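Each remark here refers to the structure printed beneath this line.
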Amino acid sequence: MRTRTPLTCTVALVAVSLLAAAGCARNDPGSGGADAAPRTVTPVTGCGGGSWTDPADLTADREPARCDKGAPAPRPLAKKRRITVATGTLSAEYVAPLQVAVARGEFAKEGLDVELKVLPTPDALPLLAKGDVDAQWAAPEAAVMNGINGGFDIKWVAGNFSPDPTSKSGLWVRLKDGESADHVTMAGRRMGTMIGKGSVIAYPMDSSLKKHGGGLDKISFQQLGSADVLTALQNGGVDSAWLLDPVWRKVDGDKRYAFLGGQPAGEPLGGLLFGPKLLTEDPDAGVAFLRAYIRTVNTYFAGDYKSDPAFVTELAKLMKIDEATLRSTPSLRMDWEIRKGTTDRLQQAYADAGVSEGRPPVPEEKAVDRAMYAEAVGRRL
């Protein structure tokens, strides 16, 4: 079990490490930047109008961008590159596209030798800043935004997923006498979660709480291990909890509990972070990585991928999880695009939670770069 450190201290320590690394990155004469030559963007076969959606479209039933199966086609780099990607886990379903891209040779087709390295986000961020890892499969969490605010050259360059509309992964509460799902008062409740206030989940959590008289500043938190969250909710140790797939199925249908909301439909909250190496030093490799990732989504994860029993078996083996558990929840909506304003909403939640550093919010253009995934599908911004 990981040692529990007060969250504000953890965020502050990570931010200090990021800022120190950022100073080195800014002084790197090979970091490119504003003087870099403009990129040439050409149309891509198989990626038509449906390969791009308006970032301002936040409708819950928005169809995610898609190209044809097998598109965009590989464009192998002249010289092979080795890419190290840090990820907090390899057993979560949202990491599956990267694992499939490695296993099925989609990265290799681009001339990339990709290693997926398991590292906790607080450990990986300073390494990304120094260039010891090339990319991170994570999210624009509070520590990341604090680092960017301090001058670190890191950007969110691709999304990962949004939940299926039928999923009930999110905020669950044990109802008190006289309460119903439509009439719950969350202020003063004690919430059990394995995710801290500095995580991107703070945004949908804050939204759900505010709909029921609460807010991140009006409840208390108890951080628990993944195996302990449900147990604490059921035995009264906490009276609310953020339950992930497929744990929520244990209380779904039980009238003692109510689901109050989860991640916004159609809005990815995480994905791929690039540091200066792939943003400015070697953008060809960055675009190649995104091209392989997008092709993997279009080829293997375009729709209800769990309707293919053989593919579910393959995923369960790659993720090293029980196949029945994987089948028990609906397919995720894999989505490489980033919605407009997501980082603004995230930062508001961090401010509400008290884990930002009190600085002005990071403007979206400093935190998000859609140009690389646009280039991969032939879209000129």
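By order in the structure tokens, chains are A, B, ...; within a chain, residues start at 1; ligands start at 1, following the order shown.
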
> Can you list, as number ranges by chain, every residue of segment 178-292 of chain A that DSSP puts in strand (DSSP E)?
Replying inline: A: 190-193, 220-223, 240-243, 257-262, 271-274

> Got a sec to tell me which of segment 227-370 of chain A DSSP assigns to alpha helix (DSSP H), as a PyMOL selection string?
Replying inline: chain A and resi 229-235+276+283-300+309-319+323-327+342-353+364-367

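Look at Gly105 of chain A: the protein and nucleic acid residues within 10 Å of it, using only C-alpha atoms and passing over chain neighbours fewer than 6 places away, are A:Gln99, A:Gly111, A:Leu112, A:Asp113, A:Val114, A:Ala292, A:Thr296.
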
Kindly save the residues from that selection, with C-alpha atoms included, as a PDB file, in the first residue's frame.
ATOM      1  CA  GLN A  99      -1.254  -2.049 -25.310  1.00  0.00           C
ATOM      2  CA  GLY A 111       9.245   3.146 -37.062  1.00  0.00           C
ATOM      3  CA  LEU A 112       8.648   3.479 -33.328  1.00  0.00           C
ATOM      4  CA  ASP A 113       9.878   1.123 -30.634  1.00  0.00           C
ATOM      5  CA  VAL A 114       7.476   1.928 -27.794  1.00  0.00           C
ATOM      6  CA  ALA A 292      -0.476   4.904 -34.653  1.00  0.00           C
ATOM      7  CA  THR A 296      -5.509   1.663 -33.382  1.00  0.00           C
TER       8      THR A 296
END

Sort by chain and increasing residue number a table of all residues of segment 172-282 of chain A within 10 Å of segment 315-332 of chain A, each with its closest pair of atoms and their distance in Å to one decimal, counting only C-alpha atoms, and write it as CSV.
residue,atom,partner,partner_atom,distance
A:Asp245,CA,A:Thr329,CA,6.7
A:Pro246,CA,A:Thr329,CA,6.1
A:Val247,CA,A:Thr325,CA,9.5
A:Trp248,CA,A:Thr329,CA,9.8
A:Arg249,CA,A:Ser328,CA,8.5

For those residues, write C-alpha atoms to a file as a PDB file, in the first residue's frame.
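Contents of part-v3.pdb, freshly written:
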ATOM      1  CA  ASP A 245     -15.962   0.167 -13.272  1.00  0.00           C
ATOM      2  CA  PRO A 246     -17.010  -2.519 -12.487  1.00  0.00           C
ATOM      3  CA  VAL A 247     -17.281  -1.957  -8.708  1.00  0.00           C
ATOM      4  CA  TRP A 248     -20.492   0.098  -8.950  1.00  0.00           C
ATOM      5  CA  ARG A 249     -22.364  -2.997 -10.114  1.00  0.00           C
TER       6      ARG A 249
END

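Counting only C-alpha atoms, Ala349 of chain A has the following residues at most 12 Å away, ignoring those fewer than 5 positions along the same chain: A:Glu141, A:Ala142, A:Gly196, A:Lys197, A:Gly198, A:Ser199, A:Val200, A:Ile201, A:Ala202, A:Tyr203, A:Pro204, A:Met205, A:Asp206, A:Ser207, A:Ser208, A:Leu209, A:Lys210, A:Gly215, A:Leu216, A:Asp217, A:Thr342, A:Thr343, A:Asp344, A:Gly354, A:Val355, A:Ser356, A:Pro361.
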
Please dump the current selection as a PDB file, in the first residue's frame; keep C-alpha atoms.
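Dumped to result-v9.pdb:
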ATOM      1  CA  GLU A 141      -4.057  17.042 -13.056  1.00  0.00           C
ATOM      2  CA  ALA A 142      -3.417  19.838 -10.549  1.00  0.00           C
ATOM      3  CA  GLY A 196      -7.425  12.747  -4.402  1.00  0.00           C
ATOM      4  CA  LYS A 197      -8.720  16.264  -4.891  1.00  0.00           C
ATOM      5  CA  GLY A 198      -5.878  17.023  -7.310  1.00  0.00           C
ATOM      6  CA  SER A 199      -7.118  14.438  -9.813  1.00  0.00           C
ATOM      7  CA  VAL A 200      -9.196  15.294 -12.874  1.00  0.00           C
ATOM      8  CA  ILE A 201     -12.062  13.414 -11.247  1.00  0.00           C
ATOM      9  CA  ALA A 202     -12.385  16.456  -8.973  1.00  0.00           C
ATOM     10  CA  TYR A 203     -14.217  18.190 -11.838  1.00  0.00           C
ATOM     11  CA  PRO A 204     -17.144  15.748 -12.288  1.00  0.00           C
ATOM     12  CA  MET A 205     -17.142  15.042  -8.567  1.00  0.00           C
ATOM     13  CA  ASP A 206     -17.521  18.750  -7.788  1.00  0.00           C
ATOM     14  CA  SER A 207     -20.294  19.091 -10.388  1.00  0.00           C
ATOM     15  CA  SER A 208     -22.241  16.156  -8.940  1.00  0.00           C
ATOM     16  CA  LEU A 209     -21.828  17.392  -5.368  1.00  0.00           C
ATOM     17  CA  LYS A 210     -23.021  20.908  -6.192  1.00  0.00           C
ATOM     18  CA  GLY A 215     -19.110  20.778  -3.207  1.00  0.00           C
ATOM     19  CA  LEU A 216     -15.499  19.763  -2.700  1.00  0.00           C
ATOM     20  CA  ASP A 217     -15.235  22.389   0.036  1.00  0.00           C
ATOM     21  CA  THR A 342     -11.973  21.155 -20.298  1.00  0.00           C
ATOM     22  CA  THR A 343      -8.784  22.499 -18.708  1.00  0.00           C
ATOM     23  CA  ASP A 344     -10.681  25.601 -17.553  1.00  0.00           C
ATOM     24  CA  GLY A 354      -7.890  24.115  -2.532  1.00  0.00           C
ATOM     25  CA  VAL A 355      -5.097  22.316  -4.398  1.00  0.00           C
ATOM     26  CA  SER A 356      -4.131  25.010  -6.894  1.00  0.00           C
ATOM     27  CA  PRO A 361      -5.546  29.692 -14.364  1.00  0.00           C
TER      28      PRO A 361
END

> Any idea what's packed within 8 Å of Thr121 of chain A, counting only C-alpha atoms, ignoring anything in its chain fewer than 5 positions away? Could you give it as a PyMOL selection string?
Replying inline: chain A and resi 87-88+138

Would you mind exporting the chosen residues as a PDB file, in the first residue's frame, restricted to all heavy atoms?
ATOM      1  N   THR A  87       2.891   5.282 -17.623  1.00  0.00           N
ATOM      2  CA  THR A  87       1.465   5.125 -17.336  1.00  0.00           C
ATOM      3  C   THR A  87       1.308   4.623 -15.914  1.00  0.00           C
ATOM      4  O   THR A  87       2.142   3.833 -15.425  1.00  0.00           O
ATOM      5  CB  THR A  87       0.794   4.153 -18.326  1.00  0.00           C
ATOM      6  OG1 THR A  87      -0.580   3.967 -17.957  1.00  0.00           O
ATOM      7  CG2 THR A  87       1.483   2.811 -18.361  1.00  0.00           C
ATOM      8  N   GLY A  88       0.276   5.084 -15.238  1.00  0.00           N
ATOM      9  CA  GLY A  88       0.080   4.682 -13.853  1.00  0.00           C
ATOM     10  C   GLY A  88      -0.313   3.235 -13.678  1.00  0.00           C
ATOM     11  O   GLY A  88      -0.136   2.667 -12.608  1.00  0.00           O
ATOM     12  N   ALA A 138      -1.701   9.989 -18.965  1.00  0.00           N
ATOM     13  CA  ALA A 138      -2.190  10.455 -17.672  1.00  0.00           C
ATOM     14  C   ALA A 138      -3.313  11.456 -17.891  1.00  0.00           C
ATOM     15  O   ALA A 138      -4.258  11.171 -18.631  1.00  0.00           O
ATOM     16  CB  ALA A 138      -1.031  11.069 -16.868  1.00  0.00           C
TER      17      ALA A 138
END

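The closest residue to Pro43 of chain A, picked from A:Glu364, A:Asp369, A:Glu375, A:Glu106 and counting only C-alpha atoms, is A:Glu375.
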
Using only C-alpha atoms, which residues of segment 143-256 of chain A come within 9 Å of segment 261-282 of chain A, and what is the closest atom pair for each, with the distance in Å to one decimal? Give it as JSON lines, sorted by chain and residue number.
{"residue": "A:Phe152", "atom": "CA", "partner": "A:Gly275", "partner_atom": "CA", "distance": 8.5}
{"residue": "A:Asp153", "atom": "CA", "partner": "A:Pro276", "partner_atom": "CA", "distance": 5.9}
{"residue": "A:Ile154", "atom": "CA", "partner": "A:Gly275", "partner_atom": "CA", "distance": 4.4}
{"residue": "A:Lys155", "atom": "CA", "partner": "A:Phe274", "partner_atom": "CA", "distance": 5.6}
{"residue": "A:Trp156", "atom": "CA", "partner": "A:Leu273", "partner_atom": "CA", "distance": 4.5}
{"residue": "A:Val157", "atom": "CA", "partner": "A:Leu272", "partner_atom": "CA", "distance": 5.7}
{"residue": "A:Ala158", "atom": "CA", "partner": "A:Leu272", "partner_atom": "CA", "distance": 5.1}
{"residue": "A:Gly159", "atom": "CA", "partner": "A:Gly271", "partner_atom": "CA", "distance": 4.3}
{"residue": "A:Asn160", "atom": "CA", "partner": "A:Gly271", "partner_atom": "CA", "distance": 4.4}
{"residue": "A:Phe161", "atom": "CA", "partner": "A:Pro268", "partner_atom": "CA", "distance": 5.0}
{"residue": "A:Ser162", "atom": "CA", "partner": "A:Pro268", "partner_atom": "CA", "distance": 5.0}
{"residue": "A:Pro163", "atom": "CA", "partner": "A:Ala265", "partner_atom": "CA", "distance": 6.0}
{"residue": "A:Asp164", "atom": "CA", "partner": "A:Ala265", "partner_atom": "CA", "distance": 7.2}
{"residue": "A:Pro165", "atom": "CA", "partner": "A:Ala265", "partner_atom": "CA", "distance": 6.5}
{"residue": "A:Ser167", "atom": "CA", "partner": "A:Gly262", "partner_atom": "CA", "distance": 8.4}
{"residue": "A:Lys168", "atom": "CA", "partner": "A:Gly262", "partner_atom": "CA", "distance": 6.7}
{"residue": "A:Ser169", "atom": "CA", "partner": "A:Gly262", "partner_atom": "CA", "distance": 5.8}
{"residue": "A:Gly170", "atom": "CA", "partner": "A:Gly262", "partner_atom": "CA", "distance": 4.0}
{"residue": "A:Leu171", "atom": "CA", "partner": "A:Gly261", "partner_atom": "CA", "distance": 5.6}
{"residue": "A:Trp172", "atom": "CA", "partner": "A:Gly261", "partner_atom": "CA", "distance": 7.8}
{"residue": "A:Val200", "atom": "CA", "partner": "A:Leu269", "partner_atom": "CA", "distance": 6.5}
{"residue": "A:Ile201", "atom": "CA", "partner": "A:Gln263", "partner_atom": "CA", "distance": 7.5}
{"residue": "A:Tyr203", "atom": "CA", "partner": "A:Gln263", "partner_atom": "CA", "distance": 8.3}
{"residue": "A:Pro204", "atom": "CA", "partner": "A:Gln263", "partner_atom": "CA", "distance": 5.4}
{"residue": "A:Met205", "atom": "CA", "partner": "A:Gly262", "partner_atom": "CA", "distance": 7.1}
{"residue": "A:Ser207", "atom": "CA", "partner": "A:Gly261", "partner_atom": "CA", "distance": 8.4}
{"residue": "A:Ser208", "atom": "CA", "partner": "A:Gly261", "partner_atom": "CA", "distance": 5.6}
{"residue": "A:Leu209", "atom": "CA", "partner": "A:Gly261", "partner_atom": "CA", "distance": 8.7}
{"residue": "A:Trp242", "atom": "CA", "partner": "A:Gly262", "partner_atom": "CA", "distance": 8.5}
